[in-house]
Amino acid sequence: MKTSIHKIRVGIGEGEVSHPPGIIIAEGLGSCIALCLYDTLQEVGGMAHIMLPHSSEYKSRKDNVSLPYLYADSALDALLKGLEKSGACLQNIIAKMAGGARMFPVYNGVSTGIGEQNTTCIRELLKKRLIPLVGEDVGGSHGRSAEFHVHSGRIIVTAIGKETVEI
(Lines give C-alpha, C1' and ligand atoms only; values in the text may rest on other atoms or scores of the structure.)
Protein backbone atom coordinates (compact mmCIF):
# COMPACT_ATOMS: atom_id res chain seq x y z
CA MET A 1 0.00 0.00 0.00
CA LYS A 2 1.36 3.39 -1.02
CA THR A 3 1.52 6.20 1.52
CA SER A 4 -0.03 9.37 0.15
CA ILE A 5 1.91 12.56 0.63
CA HIS A 6 -0.01 15.17 2.58
CA LYS A 7 0.40 18.63 1.00
CA ILE A 8 -0.22 21.64 3.20
CA ARG A 9 -0.45 25.14 1.77
CA VAL A 10 0.42 28.14 3.92
CA GLY A 11 -0.80 31.57 2.91
CA ILE A 12 0.50 34.93 4.07
CA GLY A 13 0.55 35.05 7.86
CA GLU A 14 0.06 31.29 8.21
CA GLY A 15 2.32 28.55 9.52
CA GLU A 16 2.26 24.77 9.86
CA VAL A 17 4.23 21.99 11.50
CA SER A 18 4.27 18.51 9.95
CA HIS A 19 5.81 15.05 10.12
CA PRO A 20 6.82 12.99 7.05
CA PRO A 21 5.69 12.45 4.41
CA GLY A 22 4.21 15.96 4.45
CA ILE A 23 5.08 18.76 2.07
CA ILE A 24 4.47 22.33 3.21
CA ILE A 25 4.04 24.82 0.37
CA ALA A 26 4.21 28.62 0.23
CA GLU A 27 3.29 30.12 -3.13
CA GLY A 28 3.69 33.65 -4.44
CA LEU A 29 6.59 34.73 -2.23
CA GLY A 30 7.64 38.24 -3.17
CA SER A 31 9.05 40.26 -0.30
CA CYS A 32 7.57 37.64 2.05
CA ILE A 33 9.79 34.91 3.48
CA ALA A 34 9.08 31.20 3.78
CA LEU A 35 11.01 30.32 6.95
CA CYS A 36 11.47 26.59 7.44
CA LEU A 37 12.70 25.02 10.66
CA TYR A 38 13.62 21.35 10.75
CA ASP A 39 14.68 18.87 13.42
CA THR A 40 17.16 16.70 11.56
CA LEU A 41 16.88 13.77 13.99
CA GLN A 42 13.14 13.66 14.70
CA GLU A 43 12.21 14.57 11.10
CA VAL A 44 9.65 17.15 12.10
CA GLY A 45 9.52 20.51 10.38
CA GLY A 46 7.55 23.69 10.11
CA MET A 47 7.11 26.62 7.76
CA ALA A 48 5.93 30.18 8.32
CA HIS A 49 4.88 32.55 5.50
CA ILE A 50 6.20 35.81 6.97
CA MET A 51 5.17 39.21 5.62
CA LEU A 52 6.79 41.75 7.98
CA PRO A 53 9.84 41.83 10.26
CA HIS A 54 8.73 43.06 13.70
CA SER A 55 5.38 42.65 15.43
CA SER A 56 6.25 45.50 17.84
CA GLU A 57 5.83 47.97 14.97
CA TYR A 58 2.18 46.88 14.68
CA LYS A 59 1.20 46.39 18.34
CA SER A 60 -1.93 48.50 17.97
CA ARG A 61 -3.32 46.22 15.27
CA LYS A 62 -5.63 43.40 16.33
CA ASP A 63 -4.11 40.92 13.87
CA ASN A 64 -0.81 41.02 15.76
CA VAL A 65 -2.26 38.60 18.27
CA SER A 66 -4.35 36.46 15.94
CA LEU A 67 -1.73 36.10 13.18
CA PRO A 68 1.62 35.36 14.84
CA TYR A 69 3.06 33.98 11.58
CA LEU A 70 2.66 37.37 9.90
CA TYR A 71 5.75 38.78 11.65
CA ALA A 72 9.27 37.32 11.76
CA ASP A 73 9.73 37.63 15.52
CA SER A 74 6.41 36.09 16.55
CA ALA A 75 6.54 33.52 13.72
CA LEU A 76 9.85 32.14 14.97
CA ASP A 77 8.41 31.77 18.49
CA ALA A 78 5.23 30.12 17.18
CA LEU A 79 7.14 27.69 14.96
CA LEU A 80 9.49 26.69 17.78
CA LYS A 81 6.53 26.05 20.11
CA GLY A 82 4.76 23.98 17.45
CA LEU A 83 7.88 21.96 16.71
CA GLU A 84 8.48 21.27 20.39
CA LYS A 85 4.85 20.13 20.81
CA SER A 86 5.37 17.77 17.86
CA GLY A 87 8.40 16.11 19.42
CA ALA A 88 11.26 18.21 18.04
CA CYS A 89 14.37 18.75 20.11
CA LEU A 90 15.21 22.44 19.84
CA GLN A 91 18.97 21.74 19.91
CA ASN A 92 18.60 19.84 16.60
CA ILE A 93 16.79 22.63 14.73
CA ILE A 94 18.21 24.04 11.51
CA ALA A 95 16.73 26.82 9.39
CA LYS A 96 16.31 27.55 5.70
CA MET A 97 14.50 30.41 4.00
CA ALA A 98 13.30 31.57 0.61
CA GLY A 99 11.82 34.85 -0.64
CA GLY A 100 12.71 38.35 0.46
CA ALA A 101 12.72 39.87 -3.02
CA ARG A 102 12.58 43.55 -3.89
CA MET A 103 9.42 43.49 -5.92
CA PHE A 104 9.08 47.23 -6.45
CA PRO A 105 11.67 49.97 -7.02
CA VAL A 106 12.43 52.27 -4.11
CA TYR A 107 12.34 55.84 -5.35
CA ASN A 108 13.99 57.61 -2.43
CA GLY A 109 17.07 55.37 -2.55
CA VAL A 110 17.13 55.18 1.26
CA SER A 111 14.88 52.22 2.10
CA THR A 112 16.27 48.72 1.74
CA GLY A 113 12.82 47.40 0.88
CA ILE A 114 10.65 45.08 2.97
CA GLY A 115 12.16 41.92 1.47
CA GLU A 116 15.67 42.80 2.64
CA GLN A 117 14.32 43.97 6.01
CA ASN A 118 12.59 40.59 6.45
CA THR A 119 15.75 38.70 5.49
CA THR A 120 17.97 40.73 7.82
CA CYS A 121 15.53 40.43 10.72
CA ILE A 122 15.24 36.65 10.36
CA ARG A 123 19.01 36.22 10.20
CA GLU A 124 19.38 38.24 13.41
CA LEU A 125 16.62 36.34 15.21
CA LEU A 126 18.10 32.97 14.25
CA LYS A 127 21.57 34.09 15.34
CA LYS A 128 20.22 35.17 18.76
CA ARG A 129 18.54 31.76 19.19
CA LEU A 130 21.70 29.94 17.99
CA ILE A 131 19.73 28.29 15.17
CA PRO A 132 21.99 27.69 12.16
CA LEU A 133 20.76 29.05 8.85
CA VAL A 134 21.99 26.31 6.51
CA GLY A 135 20.35 27.33 3.25
CA GLU A 136 18.62 30.20 1.55
CA ASP A 137 17.36 31.51 -1.76
CA VAL A 138 16.59 35.17 -1.11
CA GLY A 139 16.74 38.58 -2.73
CA GLY A 140 16.54 39.52 -6.37
CA SER A 141 13.46 41.02 -7.94
CA HIS A 142 11.45 37.89 -8.72
CA GLY A 143 8.73 36.00 -6.93
CA ARG A 144 9.13 32.41 -5.82
CA SER A 145 7.28 29.41 -4.50
CA ALA A 146 8.77 27.01 -1.95
CA GLU A 147 7.99 23.34 -1.22
CA PHE A 148 9.37 22.03 2.06
CA HIS A 149 9.71 18.23 1.96
CA VAL A 150 9.55 17.26 5.62
CA HIS A 151 10.92 13.71 5.15
CA SER A 152 14.25 15.07 3.90
CA GLY A 153 14.40 18.70 5.01
CA ARG A 154 14.81 19.77 1.37
CA ILE A 155 13.20 22.90 0.03
CA ILE A 156 12.51 23.12 -3.68
CA VAL A 157 12.27 26.75 -4.83
CA THR A 158 10.70 27.57 -8.18
CA ALA A 159 10.36 30.89 -10.00
CA ILE A 160 9.06 31.71 -13.46
CA GLY A 161 11.95 32.05 -15.89
CA LYS A 162 14.54 30.83 -13.33
CA GLU A 163 16.24 27.51 -12.68
CA THR A 164 14.72 25.41 -9.90
CA VAL A 165 16.83 25.69 -6.75
CA GLU A 166 17.16 23.09 -3.99
CA ILE A 167 18.16 24.30 -0.54
# chains A, B, ... in the order shown; residues from 1 in each chain; ligands from 1
$ select_by_dssp --residues "chain A" --states "alpha helix (DSSP H)" --output "ChimeraX atom specification"
/A:63-66,72-85,114-128
$ residues_around --residues "region 120-128 of chain A" --least-positions-apart "4" --cutoff "12 Å" --atoms "only C-alpha atoms" --output "ChimeraX atom specification"
/A:32-37,48,50-55,71-77,80,93-100,112-116,132-136,138-139
$ residues_around --residues "His6 (chain A)" --least-positions-apart "6" --cutoff "9 Å" --atoms "only C-alpha atoms" --output "ChimeraX atom specification"
/A:20-24
$ atom_distance --atom1 "CA of Thr40 (chain A)" --atom2 "CA of Thr158 (chain A)"
23.4 Å
$ closest_residue --among "A:His151, A:Asn92, A:Leu70, A:Ala146" --to "Ile131 (chain A)" --atoms "only C-alpha atoms"
A:Asn92
$ residues_around --residues "Arg154 (chain A)" --least-positions-apart "6" --cutoff "7 Å" --atoms "only C-alpha atoms" --output "list in words"
Phe148, Glu166 and Ile167 of chain A
$ write_last_selection --atoms "N, CA, C and O atoms" --output "PDB file, in the first residue's frame"
ATOM      1  N   PHE A 148       8.542  22.594   1.005  1.00  0.00           N
ATOM      2  CA  PHE A 148       9.368  22.028   2.060  1.00  0.00           C
ATOM      3  C   PHE A 148       9.000  20.557   2.228  1.00  0.00           C
ATOM      4  O   PHE A 148       7.896  20.235   2.654  1.00  0.00           O
ATOM      5  N   GLU A 166      17.388  23.942  -5.151  1.00  0.00           N
ATOM      6  CA  GLU A 166      17.158  23.093  -3.985  1.00  0.00           C
ATOM      7  C   GLU A 166      18.034  23.594  -2.850  1.00  0.00           C
ATOM      8  O   GLU A 166      19.243  23.765  -2.999  1.00  0.00           O
ATOM      9  N   ILE A 167      17.384  23.869  -1.723  1.00  0.00           N
ATOM     10  CA  ILE A 167      18.157  24.300  -0.543  1.00  0.00           C
ATOM     11  C   ILE A 167      17.879  23.351   0.609  1.00  0.00           C
ATOM     12  O   ILE A 167      16.939  22.612   0.608  1.00  0.00           O
TER      13      ILE A 167
END
$ atom_distance --atom1 "CA of Arg144 (chain A)" --atom2 "CA of Gly28 (chain A)"
5.7 Å
$ residues_around --residues "Lys162 (chain A)" --least-positions-apart "4" --cutoff "12 Å" --atoms "only C-alpha atoms" --output "PyMOL selection string"
chain A and resi 137+140-145+157-158
$ write_last_selection --atoms "N, CA and C atoms" --output "short mmCIF file (atom, residue, chain, number, x, y, z; two decimals), in the first residue's frame"
data_model
loop_
_atom_site.label_atom_id
_atom_site.label_comp_id
_atom_site.auth_asym_id
_atom_site.auth_seq_id
_atom_site.Cartn_x
_atom_site.Cartn_y
_atom_site.Cartn_z
N ASP A 137 17.50 30.98 -0.41
CA ASP A 137 17.36 31.51 -1.76
C ASP A 137 16.55 32.79 -1.59
N GLY A 140 16.93 39.38 -4.97
CA GLY A 140 16.54 39.52 -6.37
C GLY A 140 15.27 40.33 -6.51
N SER A 141 14.68 40.25 -7.68
CA SER A 141 13.46 41.02 -7.94
C SER A 141 12.37 40.12 -8.53
N HIS A 142 12.42 38.85 -8.19
CA HIS A 142 11.45 37.89 -8.72
C HIS A 142 10.75 37.14 -7.60
N GLY A 143 9.50 36.79 -7.87
CA GLY A 143 8.73 36.00 -6.93
C GLY A 143 9.15 34.55 -6.97
N ARG A 144 8.77 33.82 -5.95
CA ARG A 144 9.13 32.41 -5.82
C ARG A 144 8.00 31.64 -5.17
N SER A 145 8.09 30.33 -5.29
CA SER A 145 7.28 29.41 -4.50
C SER A 145 8.24 28.41 -3.87
N VAL A 157 12.71 25.38 -4.55
CA VAL A 157 12.27 26.75 -4.83
C VAL A 157 12.13 26.91 -6.34
N THR A 158 10.95 27.35 -6.76
CA THR A 158 10.70 27.57 -8.18
C THR A 158 10.33 29.03 -8.42
#
$ atom_distance --atom1 "CA of Gly45 (chain A)" --atom2 "CA of Ile160 (chain A)"
26.3 Å
$ select_by_dssp --residues "region 44-131 of chain A" --states "strand (DSSP E)" --output "PyMOL selection string"
chain A and resi 44-50+93-99
